[in-house]
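The structure file query_5.cif is reproduced below (mmCIF, C-alpha atoms and all ligand atoms).
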```
data_my_file
loop_
_atom_site.label_atom_id
_atom_site.label_comp_id
_atom_site.auth_asym_id
_atom_site.auth_seq_id
_atom_site.Cartn_x
_atom_site.Cartn_y
_atom_site.Cartn_z
CA MET U 14 107.66 94.68 39.47
CA THR U 15 109.94 97.72 39.67
CA GLN U 16 108.59 101.25 40.06
CA ALA U 17 109.48 102.05 36.44
CA GLN U 18 107.43 99.07 35.12
CA MET U 19 104.40 99.71 37.29
CA PRO U 20 101.33 100.87 35.30
CA LEU U 21 100.05 104.29 36.35
CA PRO U 22 96.47 105.60 36.41
CA PRO U 23 95.47 107.89 33.52
CA ARG U 24 97.18 111.28 33.57
CA ASP U 25 93.90 113.27 33.90
CA SER U 26 92.92 111.37 37.10
CA LEU U 27 96.28 112.29 38.59
CA SER U 28 96.05 115.94 37.55
CA LEU U 29 92.63 116.12 39.27
CA LEU U 30 94.19 114.78 42.46
CA GLU U 31 96.98 117.39 42.16
CA GLN U 32 94.35 120.12 42.71
CA LEU U 33 92.72 118.54 45.78
CA THR U 34 93.03 120.22 49.16
CA SER U 35 92.55 116.79 50.79
CA GLY U 36 95.54 114.48 51.01
CA ALA U 37 95.25 111.77 48.34
CA VAL U 38 97.34 108.70 47.60
CA VAL U 39 96.91 106.15 44.86
CA VAL U 40 97.80 102.61 45.91
CA THR U 41 97.82 99.24 44.19
CA HIS U 42 95.56 96.54 45.67
CA SER U 43 98.57 95.21 47.54
CA GLY U 44 98.84 98.61 49.27
CA GLN U 45 101.92 99.93 47.44
CA ILE U 46 101.87 103.72 47.00
CA ILE U 47 102.35 104.82 43.41
CA TYR U 48 101.36 108.47 43.81
CA GLY U 49 100.88 111.04 46.59
CA ASN U 50 99.36 114.46 45.84
CA PRO U 51 100.94 117.70 47.14
CA ALA U 52 98.39 118.00 50.00
CA PHE U 53 99.30 114.50 51.22
CA CYS U 54 103.06 115.17 50.93
CA GLN U 55 102.56 118.30 53.03
CA LEU U 56 100.45 116.44 55.61
CA ALA U 57 102.94 113.58 55.94
CA HIS U 58 106.03 115.79 55.62
CA ARG U 59 107.41 113.58 52.84
CA ASP U 60 108.45 114.24 49.28
CA ALA U 61 106.55 112.68 46.41
CA ASP U 62 109.48 110.54 45.19
CA GLY U 63 110.21 109.22 48.68
CA LEU U 64 106.61 108.02 48.95
CA LYS U 65 106.57 106.01 45.76
CA ALA U 66 106.91 102.25 46.12
CA CYS U 67 106.53 102.47 49.87
CA GLN U 68 103.74 100.40 51.47
CA LEU U 69 100.88 102.59 52.72
CA SER U 70 100.67 100.38 55.82
CA SER U 71 104.24 101.38 56.76
CA ILE U 72 103.10 104.97 57.35
CA LEU U 73 99.38 104.56 58.05
CA SER U 74 97.89 102.41 60.81
CA LEU U 75 94.63 100.97 59.62
CA PRO U 76 91.58 100.16 61.74
CA PRO U 77 92.33 97.18 63.97
CA ASN U 78 89.13 95.29 63.07
CA GLY U 79 90.46 94.57 59.58
CA ASP U 80 87.22 95.52 57.81
CA CYS U 81 88.86 98.44 56.07
CA ALA U 82 88.82 98.32 52.28
CA LEU U 83 92.59 98.52 52.19
CA CYS U 84 92.81 95.29 54.16
CA LEU U 85 90.15 93.61 52.04
CA GLY U 86 91.80 94.71 48.80
CA ALA U 87 89.98 93.86 45.58
CA GLU U 88 87.22 91.99 47.48
CA ALA U 89 85.92 95.16 49.12
CA SER U 90 82.36 96.03 48.18
CA GLU U 91 81.15 99.50 47.11
CA ALA U 92 79.63 100.09 50.54
CA GLU U 93 82.86 99.20 52.31
CA LEU U 94 84.84 101.38 49.97
CA SER U 95 82.88 104.48 50.81
CA THR U 96 83.09 103.85 54.56
CA LEU U 97 84.80 106.48 56.62
CA HIS U 98 87.57 105.10 58.84
CA GLY U 99 89.80 106.56 61.48
CA GLY U 100 93.52 105.83 61.36
CA PHE U 101 96.93 107.10 62.43
CA LEU U 102 99.48 108.55 60.05
CA GLN U 103 103.22 108.50 60.86
CA VAL U 104 104.52 111.94 59.98
CA GLU U 105 107.79 113.76 60.58
CA ASN U 106 107.47 117.09 62.34
CA ALA U 107 109.46 120.27 61.56
CA ASN U 108 112.44 118.87 63.56
CA ASP U 109 112.36 115.59 61.60
CA ALA U 110 111.12 113.81 64.74
CA PRO U 111 108.46 111.09 64.16
CA GLU U 112 104.92 112.00 65.21
CA THR U 113 101.54 110.32 64.94
CA LEU U 114 98.62 112.22 63.46
CA ARG U 115 94.99 111.12 63.87
CA VAL U 116 93.38 111.05 60.43
CA LYS U 117 90.15 110.07 58.69
CA ILE U 118 90.46 107.90 55.60
CA LYS U 119 88.04 107.39 52.73
CA HIS U 120 88.61 104.87 49.93
CA SER U 121 87.40 104.70 46.45
CA PRO U 122 88.33 102.43 43.52
CA LEU U 123 90.29 103.88 40.62
CA GLY U 124 89.78 101.54 37.70
CA SER U 125 90.24 97.88 38.55
CA GLU U 126 93.90 98.11 39.49
CA TRP U 127 94.19 100.92 42.00
CA MET U 128 92.51 102.62 44.91
CA ILE U 129 92.45 106.26 45.89
CA CYS U 130 92.65 106.99 49.60
CA LEU U 131 91.62 110.43 50.75
CA ILE U 132 93.36 111.21 54.02
CA ASP U 133 92.61 114.28 56.13
CA PRO U 134 93.45 115.30 59.67
CA PHE U 135 90.72 114.29 62.10
CA SER U 136 88.87 117.07 63.89
CA GLU U 137 85.87 117.08 66.23
CA ASP U 138 84.07 119.16 63.59
CA THR U 139 84.33 116.21 61.23
CA THR U 140 82.43 114.05 63.69
CA LEU U 141 79.77 116.71 64.04
CA THR U 142 79.40 117.14 60.29
CA GLN U 143 79.22 113.37 59.88
CA ALA U 144 76.61 113.11 62.68
CA HIS U 145 74.66 115.93 61.09
CA SER U 146 74.64 114.36 57.65
CA ASP U 147 73.77 110.93 59.14
CA PHE U 148 70.88 112.68 60.93
CA VAL U 149 69.59 114.36 57.77
CA SER U 150 69.75 111.15 55.73
CA THR U 151 68.20 108.97 58.46
CA VAL U 152 65.40 111.41 59.22
CA SER U 153 64.57 112.12 55.59
CA HIS U 154 64.47 108.38 54.87
CA GLU U 155 62.27 107.79 57.91
CA PHE U 156 59.87 110.53 56.77
CA ARG U 157 59.89 109.59 53.10
CA THR U 158 59.00 105.91 53.57
CA PRO U 159 55.68 106.38 55.41
CA LEU U 160 54.78 109.47 53.36
CA THR U 161 55.25 107.59 50.08
CA SER U 162 53.08 104.79 51.37
CA ILE U 163 50.34 107.17 52.65
CA LYS U 164 50.30 109.05 49.35
CA GLY U 165 50.24 105.84 47.27
CA PHE U 166 47.33 104.26 49.13
CA ALA U 167 45.39 107.56 49.35
CA ASP U 168 45.80 108.02 45.55
CA THR U 169 44.56 104.48 44.93
CA LEU U 170 41.52 105.05 47.15
CA LEU U 171 40.75 108.36 45.42
CA HIS U 172 40.96 106.98 41.91
CA TYR U 173 39.73 103.39 42.23
CA SER U 174 37.40 103.53 45.21
CA ALA U 175 34.39 102.48 43.12
CA GLN U 176 36.13 99.31 41.86
CA LEU U 177 37.65 98.20 45.17
CA PRO U 178 35.89 95.74 47.51
CA ASP U 179 35.15 97.07 51.02
CA ASP U 180 37.65 94.85 52.85
CA GLU U 181 40.44 95.98 50.48
CA LYS U 182 39.53 99.64 51.13
CA ARG U 183 39.61 98.97 54.88
CA ARG U 184 43.05 97.33 54.51
CA PHE U 185 44.39 100.39 52.67
CA LEU U 186 42.94 102.74 55.30
CA ASN U 187 44.61 100.68 58.04
CA ILE U 188 47.96 100.98 56.27
CA ILE U 189 47.48 104.75 55.99
CA LYS U 190 46.68 104.94 59.72
CA ASP U 191 49.72 102.77 60.68
CA GLN U 192 52.04 104.90 58.58
CA ALA U 193 50.57 108.12 60.04
CA ASP U 194 51.15 106.64 63.55
CA ARG U 195 54.74 105.92 62.54
CA LEU U 196 55.19 109.57 61.51
CA ILE U 197 53.69 110.75 64.80
CA ARG U 198 56.11 108.49 66.72
CA LEU U 199 59.01 109.89 64.74
CA VAL U 200 58.01 113.50 65.37
CA GLU U 201 57.45 112.75 69.09
CA ASN U 202 60.89 111.13 69.31
CA LEU U 203 62.52 114.10 67.59
CA LEU U 204 60.74 116.51 69.95
CA THR U 205 61.68 114.50 73.04
CA ALA U 206 65.31 114.32 71.85
CA SER U 207 65.46 118.05 71.31
CA LYS U 208 63.82 118.76 74.70
CA LEU U 209 66.27 116.38 76.38
CA GLY U 210 69.15 118.18 74.65
CA ALA U 211 67.91 121.43 76.15
CA SER U 212 67.09 119.75 79.53
CA ARG U 213 63.45 120.80 79.22
CA VAL U 214 61.71 117.53 80.12
CA GLU U 215 59.51 117.84 83.18
CA MET U 216 58.98 114.85 85.48
CA THR U 217 56.12 114.14 87.83
CA PHE U 218 57.16 111.37 90.21
CA ARG U 219 54.68 108.96 91.76
CA PRO U 220 54.53 105.27 92.69
CA VAL U 221 53.88 103.29 89.48
CA PRO U 222 52.64 99.66 89.74
CA LEU U 223 55.17 97.88 87.55
CA LYS U 224 53.27 94.72 86.61
CA ARG U 225 50.32 96.66 85.23
CA MET U 226 52.65 99.03 83.36
CA LEU U 227 54.64 96.17 81.80
CA GLU U 228 51.46 94.34 80.78
CA LYS U 229 50.26 97.52 79.07
CA VAL U 230 53.60 97.91 77.25
CA LEU U 231 53.67 94.28 76.06
CA HIS U 232 50.09 94.58 74.92
CA SER U 233 50.80 97.69 72.92
CA VAL U 234 53.95 96.23 71.26
CA GLN U 235 51.97 93.06 70.48
CA ALA U 236 49.18 95.10 68.86
CA LYS U 237 51.69 97.06 66.79
CA THR U 238 53.53 93.91 65.66
CA GLN U 239 50.29 92.18 64.72
CA SER U 240 48.99 95.10 62.71
CA LYS U 241 52.32 95.34 60.86
CA SER U 242 53.20 91.73 60.19
CA ASN U 243 50.12 89.81 61.24
CA GLN U 244 52.40 87.83 63.55
CA GLU U 245 52.04 87.25 67.26
CA ARG U 246 55.18 87.54 69.40
CA ARG U 247 55.89 85.37 72.42
CA PHE U 248 56.55 87.30 75.63
CA GLU U 249 57.40 86.05 79.11
CA LEU U 250 56.76 88.41 82.02
CA HIS U 251 57.94 87.89 85.62
CA VAL U 252 57.41 90.60 88.21
CA GLN U 253 58.55 89.62 91.70
CA PRO U 254 56.85 90.54 93.99
CA ALA U 255 53.75 91.10 91.89
CA ASN U 256 52.88 94.36 93.70
CA LEU U 257 56.26 95.98 92.95
CA GLU U 258 56.02 99.76 92.61
CA VAL U 259 58.62 101.98 91.04
CA TRP U 260 59.17 105.69 91.85
CA ALA U 261 58.99 107.30 88.42
CA ASP U 262 57.16 109.55 85.99
CA SER U 263 54.55 107.18 84.60
CA ASP U 264 54.53 108.47 80.98
CA ARG U 265 58.33 108.61 80.77
CA LEU U 266 58.68 105.15 82.28
CA GLU U 267 56.24 103.83 79.70
CA GLN U 268 58.32 105.44 76.92
CA VAL U 269 61.53 103.81 78.28
CA LEU U 270 59.94 100.35 78.50
CA LEU U 271 58.20 100.68 75.13
CA ASN U 272 61.51 101.52 73.44
CA LEU U 273 63.29 98.54 74.99
CA VAL U 274 60.56 96.00 74.26
CA ASP U 275 60.03 97.43 70.79
CA ASN U 276 63.77 97.03 70.03
CA ALA U 277 63.81 93.49 71.44
CA VAL U 278 61.00 92.60 69.02
CA LYS U 279 62.45 94.53 66.06
CA TYR U 280 65.94 93.02 66.31
CA SER U 281 65.03 89.38 66.96
CA PRO U 282 63.36 86.66 64.89
CA ALA U 283 59.56 86.41 64.95
CA SER U 284 59.70 82.88 66.40
CA SER U 285 61.90 83.82 69.39
CA ILE U 286 60.87 84.79 72.93
CA VAL U 287 61.26 88.22 74.54
CA ARG U 288 61.62 87.94 78.32
CA VAL U 289 60.85 90.80 80.68
CA ARG U 290 61.69 90.54 84.38
CA ALA U 291 61.40 92.97 87.25
CA ASN U 292 62.55 92.52 90.83
CA LEU U 293 64.02 94.36 93.81
CA VAL U 294 67.81 94.51 93.65
CA PRO U 295 68.94 92.02 96.35
CA GLU U 296 71.80 94.20 97.61
CA ASP U 297 69.76 97.45 97.51
CA GLU U 298 66.08 97.26 98.44
CA ASN U 299 65.68 100.90 97.34
CA ALA U 300 66.31 99.90 93.75
CA ILE U 301 64.34 97.93 91.18
CA ALA U 302 65.92 96.14 88.21
CA ILE U 303 63.92 95.71 85.01
CA GLN U 304 65.44 93.45 82.35
CA VAL U 305 64.40 93.10 78.72
CA GLN U 306 66.06 90.09 77.11
CA ASP U 307 65.86 88.93 73.51
CA GLU U 308 67.26 86.09 71.42
CA GLY U 309 68.13 88.26 68.46
CA ALA U 310 71.11 89.26 66.36
CA GLY U 311 72.91 90.89 69.29
CA ILE U 312 75.32 93.81 69.18
CA PRO U 313 79.12 93.57 68.83
CA GLU U 314 80.62 94.22 72.29
CA ALA U 315 82.85 97.03 71.03
CA LEU U 316 79.79 98.95 69.82
CA LEU U 317 77.75 98.66 73.03
CA PRO U 318 78.89 102.03 74.44
CA GLN U 319 77.82 103.79 71.24
CA ILE U 320 74.25 102.50 70.99
CA PHE U 321 73.03 105.13 73.47
CA THR U 322 74.38 107.96 71.31
CA LYS U 323 71.89 110.15 69.40
CA PHE U 324 71.20 108.82 65.85
CA TYR U 325 73.60 105.88 66.21
CA ARG U 326 72.56 102.65 64.45
CA VAL U 327 74.76 99.54 64.23
CA GLU U 328 75.96 98.92 60.67
CA SER U 329 74.40 95.59 59.70
CA PRO U 330 72.02 94.22 57.07
CA LEU U 331 69.26 94.67 59.70
CA LYS U 332 69.72 98.45 59.56
CA GLN U 333 68.14 98.58 56.11
CA GLU U 334 65.33 96.14 56.93
CA VAL U 335 64.28 97.50 60.30
CA GLU U 336 62.54 100.84 60.79
CA GLY U 337 64.54 103.14 63.07
CA THR U 338 66.26 106.47 63.61
CA GLY U 339 68.83 105.69 66.27
CA LEU U 340 66.96 107.95 68.72
CA GLY U 341 65.20 105.34 70.87
CA LEU U 342 68.10 104.35 73.12
CA TYR U 343 69.37 107.93 73.43
CA ILE U 344 65.91 108.96 74.68
CA THR U 345 65.65 105.84 76.86
CA LYS U 346 68.98 106.51 78.55
CA SER U 347 68.31 110.24 79.02
CA LEU U 348 64.86 109.62 80.53
CA THR U 349 66.17 106.84 82.78
CA THR U 350 68.93 109.12 84.06
CA ALA U 351 66.45 111.97 84.55
CA MET U 352 64.37 109.61 86.75
CA GLY U 353 67.46 108.94 88.90
CA GLY U 354 68.14 105.55 87.28
CA ARG U 355 70.74 103.81 85.15
CA ILE U 356 70.68 101.64 82.06
CA SER U 357 73.17 99.08 80.79
CA ALA U 358 73.32 96.56 77.97
CA LYS U 359 74.94 93.16 77.54
CA SER U 360 74.98 91.27 74.32
CA THR U 361 76.41 88.22 72.59
CA GLU U 362 76.41 88.36 68.82
CA GLY U 363 74.07 85.82 67.32
CA GLN U 364 72.56 84.96 70.72
CA GLY U 365 70.77 88.08 71.90
CA SER U 366 70.86 91.15 74.09
CA THR U 367 69.80 92.06 77.61
CA PHE U 368 69.02 95.64 78.60
CA THR U 369 68.82 96.36 82.33
CA VAL U 370 67.22 99.48 83.77
CA LEU U 371 67.78 100.28 87.45
CA LEU U 372 65.17 102.61 88.95
CA LEU U 373 64.18 103.85 92.38
CA ALA U 374 61.69 101.71 94.28
CA ALA U 375 58.59 103.42 95.64
CA THR U 376 59.58 102.82 99.28
CA PRO U 377 56.98 103.28 102.05
CA GLN U 378 58.51 106.72 102.81
CA ARG U 379 58.11 107.83 99.16
CA GLN U 380 54.56 106.47 99.04
CA GLU U 381 53.74 108.38 102.20
CA ALA U 382 55.27 111.61 100.83
CA TYR U 383 53.23 111.16 97.65
CA ARG U 384 50.03 110.55 99.60
CA ARG U 385 50.64 113.79 101.55
CA THR U 386 51.25 115.80 98.36
CA LEU U 387 47.99 114.50 96.88
CA TYR U 388 46.13 115.29 100.06
CA ALA U 389 47.56 118.83 100.15
CA ALA U 390 46.71 119.38 96.46
CA GLN U 391 43.09 118.45 97.23
CA GLY U 392 43.04 121.21 99.84
CA GLY U 393 43.45 118.88 102.82
CA ASP U 394 45.44 119.76 105.93
CA GLU U 395 47.79 117.22 107.56
P1 LIG U 401 66.60 102.46 66.28
O1 LIG U 401 65.53 103.46 66.04
O2 LIG U 401 67.58 102.36 65.18
O3 LIG U 401 66.09 101.12 66.73
P2 LIG U 401 67.78 102.81 68.96
O4 LIG U 401 68.40 104.05 69.50
O5 LIG U 401 66.61 102.27 69.69
O6 LIG U 401 67.47 103.12 67.45
O7 LIG U 401 68.90 101.70 68.91
C1 LIG U 401 70.18 102.05 68.37
C2 LIG U 401 70.77 100.85 67.66
O8 LIG U 401 71.14 99.84 68.61
C3 LIG U 401 69.80 100.16 66.70
O9 LIG U 401 69.80 100.77 65.44
C4 LIG U 401 70.36 98.75 66.66
O10 LIG U 401 71.44 98.70 65.76
C5 LIG U 401 70.92 98.55 68.07
N1 LIG U 401 69.98 97.84 68.96
C6 LIG U 401 69.13 98.38 69.86
N2 LIG U 401 68.46 97.43 70.52
C7 LIG U 401 68.87 96.25 70.02
C8 LIG U 401 68.54 94.88 70.30
N3 LIG U 401 67.65 94.53 71.24
N4 LIG U 401 69.18 93.93 69.57
C9 LIG U 401 70.11 94.25 68.63
N5 LIG U 401 70.46 95.53 68.33
C10 LIG U 401 69.85 96.50 69.01
#
```

Can you turn what I pasted into structure tokens?
Amino acid sequence: MTQAQMPLPPRDSLSLLEQLTSGAVVVTHSGQIIYGNPAFCQLAHRDADGLKACQLSSILSLPPNGDCALCLGAEASEAELSTLHGGFLQVENANDAPETLRVKIKHSPLGSEWMICLIDPFSEDTTLTQAHSDFVSTVSHEFRTPLTSIKGFADTLLHYSAQLPDDEKRRFLNIIKDQADRLIRLVENLLTASKLGASRVEMTFRPVPLKRMLEKVLHSVQAKTQSKSNQERRFELHVQPANLEVWADSDRLEQVLLNLVDNAVKYSPASSIVRVRANLVPEDENAIAIQVQDEGAGIPEALLPQIFTKFYRVESPLKQEVEGTGLGLYITKSLTTAMGGRISAKSTEGQGSTFTVLLLAATPQRQEAYRRTLYAAQGGDE
């Protein structure tokens, strides 16, 4: 079809785009440009006529993973269409020399025949604004869900208490308590994250018996899972040697391990096994490795570095189903680092993930130093 024969979007849609300060192009589903607004022409250093009939892909490099709406064409879903992508735009600078500009691209359908692409230069501020709006929407969702449930069950108890059997009332009260606990966890996580941001977390190091600590963590995740879904999870725990002691802040270590085991349970099927192992690192007897391994959905390898970022959650159907704020791993990594340790993750999609935390071992010297501090604190003299 020649340019002259090609149907154009309604005139009023185009005149709206004329006014936009963002660059906007209208493309057919095969990616042919049929219109570029003045802001886009200025950004790309091209004139409007020169743009027409040219393929968008000849001037714009799309995300390499191919999940961009422009690659999917008419099959793209609403969610994919509103996704923000990064890309590179070929522009000509003032000396007519070719240059590449980093841009952010947003797509939206225009009728059934065309798509509008909004294209703006990328700036760090954009990332911050995006992170901020992700934060607000995640946190408000995470607050609203338990609050709605607490209010609903409290209302029912207030109005129908006389008609309800005792075990039903107890069930409702348990739900209210679980949801209140969830809110407390959320507020604690937000507080810890903000303290970590301001480097205000205090640590009290001491030798912590690892087997007892891990048993406590597994017990508490089991209790939480059972109260939520009435399902028991299968755990395997190996601590070698059994009297292994780690040099850490006990409460912070518990938080790190709770987050990892909690995630392993959240992101894997109820019938699968979560394995937890702890041992001395063979090549460094001053270090202890703790591994939490699940048989869950896994994480795409390319996204592994991002999972430790504040508020980051992997885009997947699980994100909607599973409670979360994207704070757990940020807190886990920050606390591990503050205790002198390191954390890493390995994952195979569809097969599961393994998180490994390396921490300092409570060596005899550290145990002795701790014993002396305790003795001195009790007023003793060495
Ligand atoms: P959340 O509160 O969302 O669980 P986290 O910071 O703990 O936040 O984890 C960040 C994201 O990393 C999660 O949203 C999830 O997408 C992914 N993730 C973390 N642990 C696992 C795991 N064991 N298996 C699969 N995905 C995981």

With all atoms listed in the file as the counted atoms, please give the residues lying no more than 10 Å from U:Asn272, apart from itself and same-chain residues fewer than 6 positions off, as a ChimeraX atom specification.
/U:230,234,266,278,340-342,344-345

Name the residues, by chain letter and number, that sit within 8 Å of ligand LIG 401 (chain U) using all atoms listed in the file, and give them as an MDAnalysis selection string.
chainID U and resid 272:274 276:281 306:307 309:312 320:329 331:332 335:344 360 365:368

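Here the question is which of U:Leu196, U:Arg355, U:Ile189, U:Lys117 gets nearest to U:Val152 using all atoms listed in the file, and that residue is U:Leu196.
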
Among listed residues U:Leu271, U:Leu170, U:Val39, U:Ile356, nearest U:Lys237 (using only C-alpha atoms):
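The answer is U:Leu271, which sits nearest to U:Lys237.
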
Leaving out U:Leu114 and any residue of its chain fewer than 6 positions from it, which residues lie within 9 Å of it when counting all atoms listed in the file, given as number ranges by chain?
U: 57, 100-104, 134-135

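Closest to U:Val116 among U:Ser71, U:Thr161, U:Phe53, U:Asp62 is U:Phe53, based on all atoms listed in the file.
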
Suppose you want the space between atom CA of U:Asp180 and atom CA of U:Ser240; what is it in Å?
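Answer for the atom CA of U:Asp180 to atom CA of U:Ser240 separation: 15.0 Å.
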
Using only C-alpha atoms, which of the listed residues (U:Glu298, U:Glu267, U:Glu155, U:Glu245) sits closest to U:Ala374?
U:Glu298

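Counting all atoms listed in the file, the residue from U:Ala52, U:Asp25, U:Gly353, U:Ile47 that sits nearest to U:Leu64 is U:Ile47.
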
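Nearest to U:Glu381 of all the residues U:Glu201, U:Asp179, U:Trp260, U:His172 is U:Trp260, counting only C-alpha atoms.
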
Quick one: residues within 7 Å of (49.0, 93.1, 56.8) (file frame), counting only C-alpha atoms, please, as a list in words.
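It turns out the residues near that spot are Ser240, Lys241, Ser242 and Asn243 of chain U.
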
Can I get the selected residues back with C-alpha atoms, as a tab-separated table (two decimals), in the coordinates of the input?
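The file below, selection_37.tsv, is the result:
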```
chain	number	residue	atom	x	y	z
U	240	SER	CA	48.99	95.10	62.71
U	241	LYS	CA	52.32	95.34	60.86
U	242	SER	CA	53.20	91.73	60.19
U	243	ASN	CA	50.12	89.81	61.24
```
